[in-house]
Each structure stands twice: as C-alpha cells, then as structure tokens.
Amino acid sequence: MKWKGRNVFALVLVSMVASSFLTMSMMKTSANANANQNGALTASSSTMLSGKSEYPQEFKKLYEAFSAIKKDYIQNVTTDQLVEGAIGGMVGSLEDPYSDYMDPKSAEEFTSTLHSTFQGIGTEVTLQNGRVTVVSPFKDSPAERAGLRPNDQIISVNGESLEGLDLHEAVTKIRGPKGTKAVLKVVRAGVAEPLNIVCVRDDIPIETVNSQVIDKNGVKVGVIAITQFSTDTAKHFKEQLASLEKKGIGGLVIDVRGNPGGYLLAVKEIGEVLVPKKGLIVQIEYGAHGQQKEEYRSTTDAAKPYPISLLINGGSASASEILAGALRDSGNYKLVGEKSFGKGTVQSTMEMTDKSQLKLTIAKWLTPKGEWIHKKGIEPDYKVAQPAYFNATQLPADKDLARDMAGNDVKNLQLILTGLNLSPGRDDGYFDEKTEQSVKQFQTAHKLPVTGKVDAATRTQLEDSLRETMRKPENDLQLQKAIEVVSKQPK
C-alpha cells in the first residue's frame, strides 16, 4: 500500500455524497502490503505471538482475537471480512469524522465522482456523532433546490434508517439514478419535528466557476462564484477573471458560499494571482505538536488595481476557508456574509494493494496569521443575514394545505408567500382567510385553478417562483453588501 502523491497535490478532505475534497501534499513514505491476495495474514502465529517478526508486540492481542474467531465462532467468516472489520474499527476509534476507510468498491465510486458528472442529489456530507450531516449542498443542485442546509442531519432515506451505517453505506442509499426520488427525513436545529425533504436525483455536473458583471455606483463589479475547488477550477477562474478585466471592472467579488472545499492546488493557484507582495496563502502543520511545517506563498508582487471582497457562509469549508484566510490576512480584503463552517484539518488517502483506500487526517492548516479555525470558522468583516424567506423549506408533497389548517407547513407557506410579496398578514402557521386570499392571488397570476388551496400544481409553482426570486442579485443581501464594499472603496 502507498500514500498517494509524494511531492504532489493529491486527494483529501471531507467525505461527501457527491465527492470528497481538500487536497494536500502527501506523507513521505510508503509501506509494503501485509496481506496476500486472498487477504490472509502473512505472519505465522508463532512469529506473531513471540513478537519476533516485523509486527509490533501489540498485534499479539489482535491475532489472538482473529484466531479465536476463525477457530471457534459459530459461523464461518472469511479472513477478508475480519480484516476489513479490523481496519474499520481502528479508523472508527479515532472519532474523527474526516478519517475514513473505503473498501475497493467504495473507493472506486469515490474516485469516479471527482472528475466527472455523476448522478445524485448533490450535497457534501460527513459523519458527526453517528449521524450523516450536511456540510453544504451544491449550488443549483437537487439538494439545494429541495431546501437542504448545512448541519442538517439525514436520519433516513426512502424510509430506510441510516442509523449504524458508515458514511459510504449511507451515501450509497442517498445517491441513485437520475429522475428517482430520495425522500430524506432530516433533523434540523431549532425545528421540533423531523422534516421530510424530497430530492429528485439528477446529473450533477462538475462546473465550478461562473461569472457576471454588475453595475453599482457607476462601477463595473465583476462577480465570480466558485462552487468547489476541482482539478480545472484555477484555470477557469483565471480565464474568467481575465475576461472580466478586459471589460474594465473596477471591483471584484468572489463568492464561495456553499463551497465545501476541494483541491489545495486549486486554491493555491488562485491565491497566487490575488494575494499581493508574495504573501502567505496558508500554513500546514504536520504531527501532533506541529513538528513539521510548510508554507505556501503567492507569486504576485503587486495587488490588483481594484478592491476585492469575498462572500462566505456556513457552507464555506476547507479550501474555501483557506482562500478567505489568505485574502483577509495577507491581502487585507474584506469578508462578507456569515461565519464559515470551520474545517481546519487536512486528509490524505492511502491506496492499498487491493485498491481500497484509507483516508487519514495528517495535518492541520493555519491562516497566514497563525489562526486554527477548526470547529470555529471564520467570522466575516461584514455580517449580513439573508432575508427570512431564504430559509423556507419544501412544502409537503403528501397533502394539500387549506383554510383552517395549522402547523409548521402552513408557517413555511406563509414565509414563501411573504418572499413573493404576497403578504399573508401573519406568520404563525394558521391558514386564515388572508392566507387563502394570498394563495388565490398567486394562483390567478400564474393561471392556476383559483381554489385557495395549495395542491401539487400550486406547490410546484410556489417553490419554482421562490427559487427564481432568490436567484435575482437584487434580492441577495449578502451579494449586494459585497458589491457595495468594493464599489465604494477608493481605487
């Protein structure tokens, strides 16, 4: 088995439904495989028990348990089964949600999601306190459209509990063919009852960079959104930045909201063209006490001739936070939005002879000023919350909403109506006459049967209309603040 990538930037980071991210140069040594082709242990019992082989004396207890199970257990078990279980148990004992073991099949599926379009719901997840927890849904993915949010806990899929499953078993249940439904039962902080969120699986393309120009205060502001840091992200970022500069932008907003991370090489290359004075981008510390350190610096001397701001939120993790720390500490650029996720560790993958993979936390990263943001996140310079309707969830698919009903579903409906400027007059979850009139007004405007009830057709149109409203730049308060910050700064 071997560590992937001495002196290269290889795969790392948070496990996710779609893919797993943050990359780092790997550990320095490789080890020989200690298992033969059918998985049997190569050391004999005598050498193991005597402690005279290459194996540590501590393996004596492990071998004793292995031998007892093979000899006396009531059912036949394969050596592969016991070895896989032992490795999984060791990794589990670390109590680290970012360290993981993948059998050959899981490793192949994991690798395939990193470089191509895949089918699923489009969200990054990790395992926290035994529960599948959302790090961030991908932008414009089925998960985002359905209303999944960072830190949501997925406890079942299509009625099947995820309790007791490892991350890859859970991910397998969540993913699926395009067009099929994943009915998720979700526990959300601050919501008394679990939510049922329906995601229709789709192709999830790996398109990581898009840009636009917005005029503000007589200034052309370029906006570049990075959805994740993939293999070609830095190349596409530079291309689109060059295109924006040709258009004469006087300010730049970089949007990494909902960006769960990715390749360190990508964020390093982006930092190299943005961070002035060959400043620090990130510091990496290896070992329990940071005995070994690495620094990555910009290659740029002069700052860009325009102000820059960066958008972050609770779904901005890992590589996104590295970029935020670099721009803030070394570029003195302003951060706008909400506190980031808080992932300050680095993982590396080790490939074994049977193509299984072991992903281990091997280092922690620090901002240029030496701050470890793990489990703390990065606070923005300008804290801005989105309008309340940005937090609306799906309307129930299994029932209509009508006059005199009450509860969280009606409360959510009222939040959506408010976001669409159809004020229901209340937000307490009671479906009264005013709420009914707001629904009728919406139905009339969209040429739907005017019943005052929220049936399937009305529900779909309400959700589509709200998404369209949320996508409009003028309704994005965080984006507007970031644009204001760069458009009002002196050049």
# chains A, B, ... in the order shown; residues from 1 in each chain; ligands from 1
$ residues_around --residues "segment 129-140 of chain A" --least-positions-apart "2" --cutoff "9 Å" --atoms "only C-alpha atoms" --output "ChimeraX atom specification"
/A:14,16,18,95,97,121-127,142-145,147-155,162-167,170-171,204,227-228,257-260,314-317,341
$ write_last_selection --atoms "C-alpha atoms" --output "compact mmCIF listing (two decimals), in the first residue's frame"
# COMPACT_ATOMS: atom_id res chain seq x y z
CA VAL A 14 -14.47 15.76 3.84
CA MET A 16 -19.48 13.74 0.61
CA ALA A 18 -21.05 13.90 -4.48
CA GLU A 95 -13.51 9.51 16.47
CA PRO A 97 -15.33 12.42 11.07
CA ILE A 121 -28.72 14.84 -5.06
CA GLY A 122 -25.56 16.99 -4.98
CA THR A 123 -24.50 17.59 -1.40
CA GLU A 124 -21.40 17.05 0.66
CA VAL A 125 -21.92 15.14 3.88
CA THR A 126 -19.83 13.93 6.77
CA LEU A 127 -20.47 11.70 9.77
CA PRO A 142 -31.46 18.94 -6.27
CA ALA A 143 -30.38 19.16 -2.62
CA GLU A 144 -30.24 22.96 -2.67
CA ARG A 145 -33.49 23.26 -4.59
CA GLY A 147 -34.04 23.13 0.83
CA LEU A 148 -31.24 21.12 2.48
CA ARG A 149 -28.96 23.28 4.60
CA PRO A 150 -25.54 22.97 6.26
CA ASN A 151 -25.68 20.97 9.51
CA ASP A 152 -28.95 19.20 8.60
CA GLN A 153 -28.83 15.60 9.84
CA ILE A 154 -30.20 12.97 7.44
CA ILE A 155 -31.62 10.11 9.50
CA LEU A 162 -29.23 5.38 8.21
CA GLU A 163 -28.52 4.63 11.85
CA GLY A 164 -25.50 2.41 12.34
CA LEU A 165 -24.28 2.73 8.74
CA ASP A 166 -20.85 4.01 7.87
CA LEU A 167 -20.64 7.05 5.65
CA ALA A 170 -25.29 5.88 3.81
CA VAL A 171 -24.09 7.70 0.70
CA ILE A 204 -24.54 16.71 -11.08
CA THR A 227 -18.83 26.17 -6.29
CA GLN A 228 -15.93 23.87 -5.38
CA ARG A 257 -20.82 30.49 -0.24
CA GLY A 258 -21.87 26.87 -0.09
CA ASN A 259 -18.46 25.79 -1.41
CA PRO A 260 -17.41 22.69 0.58
CA GLY A 314 -21.89 28.32 6.92
CA GLY A 315 -21.42 26.10 3.87
CA SER A 316 -17.98 27.53 3.06
CA ALA A 317 -15.50 24.92 4.24
CA PHE A 341 -18.06 26.07 8.50
$ residues_around --residues "Gly176 of chain A" --least-positions-apart "4" --cutoff "8 Å" --atoms "only C-alpha atoms" --output "short mmCIF file (atom, residue, chain, number, x, y, z; two decimals) with C-alpha atoms, in the first residue's frame"
data_model
loop_
_atom_site.label_atom_id
_atom_site.label_comp_id
_atom_site.auth_asym_id
_atom_site.auth_seq_id
_atom_site.Cartn_x
_atom_site.Cartn_y
_atom_site.Cartn_z
CA GLN A 119 -25.96 11.23 -10.56
CA GLY A 120 -27.32 12.00 -7.13
CA THR A 172 -24.96 4.68 -1.43
CA THR A 180 -35.63 8.88 -8.94
CA ARG A 201 -31.90 12.88 -8.26
#
$ atom_distance --atom1 "atom CA of Ser309 of chain A" --atom2 "atom CA of Ala234 of chain A"
17.9 Å
$ residues_around --residues "segment 424-438 of chain A" --least-positions-apart "5" --cutoff "12 Å" --atoms "only C-alpha atoms" --output "ChimeraX atom specification"
/A:388-389,400-419,443-445,450-454,462
$ residues_around --residues "Val384 of chain A" --least-positions-apart "4" --cutoff "7 Å" --atoms "only C-alpha atoms" --output "list in words"
Val336, Gly337, Glu338 and Gln478 of chain A
$ write_last_selection --atoms "C-alpha atoms" --output "JSON list (two decimals), in the first residue's frame"
[["chain", "number", "residue", "atom", "x", "y", "z"],
["A", 336, "VAL", "CA", -18.93, 39.48, 3.80],
["A", 337, "GLY", "CA", -21.76, 37.14, 4.81],
["A", 338, "GLU", "CA", -21.90, 34.66, 7.69],
["A", 478, "GLN", "CA", -25.07, 39.42, 1.10]]
$ closest_residue --among "A:Asp215, A:Glu239, A:Asp232, A:Asp255" --to "Val273 of chain A" --atoms "only C-alpha atoms"
A:Glu239
$ select_by_dssp --residues "segment 268-433 of chain A" --states "strand (DSSP E)" --output "number ranges by chain"
A: 280-286, 292-297, 308-312, 334-337, 345-351, 357-366, 382-383
$ write_last_selection --atoms "N, CA and C atoms" --output "compact mmCIF listing (two decimals), in the first residue's frame"
# COMPACT_ATOMS: atom_id res chain seq x y z
N LEU A 280 1.71 35.14 2.40
CA LEU A 280 1.33 33.79 2.77
C LEU A 280 -0.10 33.47 2.31
N ILE A 281 -0.29 32.26 1.81
CA ILE A 281 -1.63 31.78 1.49
C ILE A 281 -2.13 30.87 2.61
N VAL A 282 -1.28 29.94 3.06
CA VAL A 282 -1.68 29.01 4.11
C VAL A 282 -0.44 28.39 4.74
N GLN A 283 -0.55 28.00 5.99
CA GLN A 283 0.49 27.26 6.70
C GLN A 283 -0.03 25.87 7.03
N ILE A 284 0.81 24.86 6.82
CA ILE A 284 0.43 23.48 7.12
C ILE A 284 1.33 22.96 8.23
N GLU A 285 0.73 22.35 9.25
CA GLU A 285 1.50 21.77 10.36
C GLU A 285 1.23 20.28 10.44
N TYR A 286 2.30 19.48 10.39
CA TYR A 286 2.20 18.03 10.49
C TYR A 286 2.57 17.58 11.90
N GLN A 292 6.55 19.50 11.98
CA GLN A 292 6.93 19.84 10.61
C GLN A 292 5.96 20.88 10.07
N LYS A 293 6.50 21.86 9.37
CA LYS A 293 5.66 22.94 8.86
C LYS A 293 5.97 23.21 7.39
N GLU A 294 4.95 23.60 6.66
CA GLU A 294 5.10 24.03 5.28
C GLU A 294 4.34 25.34 5.10
N GLU A 295 4.84 26.17 4.23
CA GLU A 295 4.17 27.42 3.90
C GLU A 295 3.97 27.50 2.40
N TYR A 296 2.80 28.02 2.01
CA TYR A 296 2.53 28.27 0.60
C TYR A 296 2.32 29.77 0.42
N ARG A 297 3.08 30.34 -0.52
CA ARG A 297 3.07 31.78 -0.71
C ARG A 297 2.59 32.16 -2.11
N ILE A 308 -11.24 44.05 -3.67
CA ILE A 308 -11.77 42.69 -3.71
C ILE A 308 -12.50 42.40 -2.41
N SER A 309 -13.61 41.70 -2.50
CA SER A 309 -14.28 41.18 -1.30
C SER A 309 -14.64 39.72 -1.55
N LEU A 310 -14.84 38.99 -0.46
CA LEU A 310 -15.14 37.55 -0.55
C LEU A 310 -16.40 37.25 0.22
N LEU A 311 -17.31 36.48 -0.39
CA LEU A 311 -18.56 36.07 0.25
C LEU A 311 -18.41 34.69 0.86
N ILE A 312 -18.77 34.54 2.14
CA ILE A 312 -18.72 33.25 2.83
C ILE A 312 -20.01 33.03 3.60
N LYS A 334 -11.87 42.37 2.41
CA LYS A 334 -12.98 42.23 3.34
C LYS A 334 -13.82 40.98 3.04
N LEU A 335 -14.27 40.34 4.12
CA LEU A 335 -15.15 39.17 4.04
C LEU A 335 -16.57 39.61 4.38
N VAL A 336 -17.53 39.09 3.63
CA VAL A 336 -18.93 39.48 3.80
C VAL A 336 -19.79 38.22 3.89
N GLY A 337 -20.81 38.26 4.75
CA GLY A 337 -21.76 37.14 4.81
C GLY A 337 -21.95 36.62 6.22
N THR A 345 -8.50 20.89 9.18
CA THR A 345 -7.61 19.74 9.09
C THR A 345 -7.44 19.30 7.65
N VAL A 346 -6.37 18.53 7.43
CA VAL A 346 -6.01 18.06 6.10
C VAL A 346 -5.99 16.54 6.11
N GLN A 347 -6.57 15.94 5.08
CA GLN A 347 -6.58 14.49 4.97
C GLN A 347 -5.78 14.03 3.75
N SER A 348 -5.27 12.81 3.85
CA SER A 348 -4.55 12.19 2.74
C SER A 348 -5.08 10.79 2.53
N THR A 349 -5.08 10.33 1.29
CA THR A 349 -5.55 8.98 1.01
C THR A 349 -4.37 8.04 0.78
N MET A 350 -4.50 6.84 1.31
CA MET A 350 -3.51 5.78 1.14
C MET A 350 -4.17 4.65 0.38
N GLU A 351 -3.60 4.30 -0.76
CA GLU A 351 -4.16 3.20 -1.55
C GLU A 351 -3.47 1.90 -1.20
N GLN A 357 -8.97 2.16 0.08
CA GLN A 357 -8.30 3.41 0.44
C GLN A 357 -8.54 3.75 1.90
N LEU A 358 -7.49 4.25 2.50
CA LEU A 358 -7.57 4.73 3.88
C LEU A 358 -7.34 6.23 3.85
N LYS A 359 -8.31 6.97 4.33
CA LYS A 359 -8.21 8.44 4.36
C LYS A 359 -7.99 8.86 5.81
N LEU A 360 -6.86 9.51 6.05
CA LEU A 360 -6.48 9.89 7.41
C LEU A 360 -6.20 11.38 7.51
N THR A 361 -6.55 11.95 8.64
CA THR A 361 -6.15 13.32 8.95
C THR A 361 -4.67 13.31 9.28
N ILE A 362 -3.89 14.06 8.52
CA ILE A 362 -2.44 14.03 8.70
C ILE A 362 -1.86 15.38 9.11
N ALA A 363 -2.67 16.43 9.05
CA ALA A 363 -2.13 17.75 9.35
C ALA A 363 -3.26 18.71 9.66
N LYS A 364 -2.89 19.87 10.14
CA LYS A 364 -3.85 20.96 10.27
C LYS A 364 -3.31 22.16 9.52
N TRP A 365 -4.21 23.00 9.04
CA TRP A 365 -3.76 24.20 8.36
C TRP A 365 -4.12 25.43 9.18
N LEU A 366 -3.29 26.45 9.05
CA LEU A 366 -3.47 27.72 9.76
C LEU A 366 -3.56 28.86 8.77
N TYR A 382 -18.11 41.95 7.53
CA TYR A 382 -19.47 42.49 7.47
C TYR A 382 -20.44 41.31 7.57
N LYS A 383 -21.08 41.19 8.72
CA LYS A 383 -22.02 40.10 8.93
C LYS A 383 -23.38 40.49 8.38
$ select_by_dssp --residues "segment 249-390 of chain A" --states "alpha helix (DSSP H)" --output "list in words"
Leu264, Leu265, Ala266, Val267, Lys268, Glu269, Ile270, Gly271, Glu272, Val273, Leu274, Ala319, Ser320, Glu321, Ile322, Leu323, Ala324, Gly325, Ala326, Leu327, Arg328, Asp329, Ser330 and Gly331 of chain A
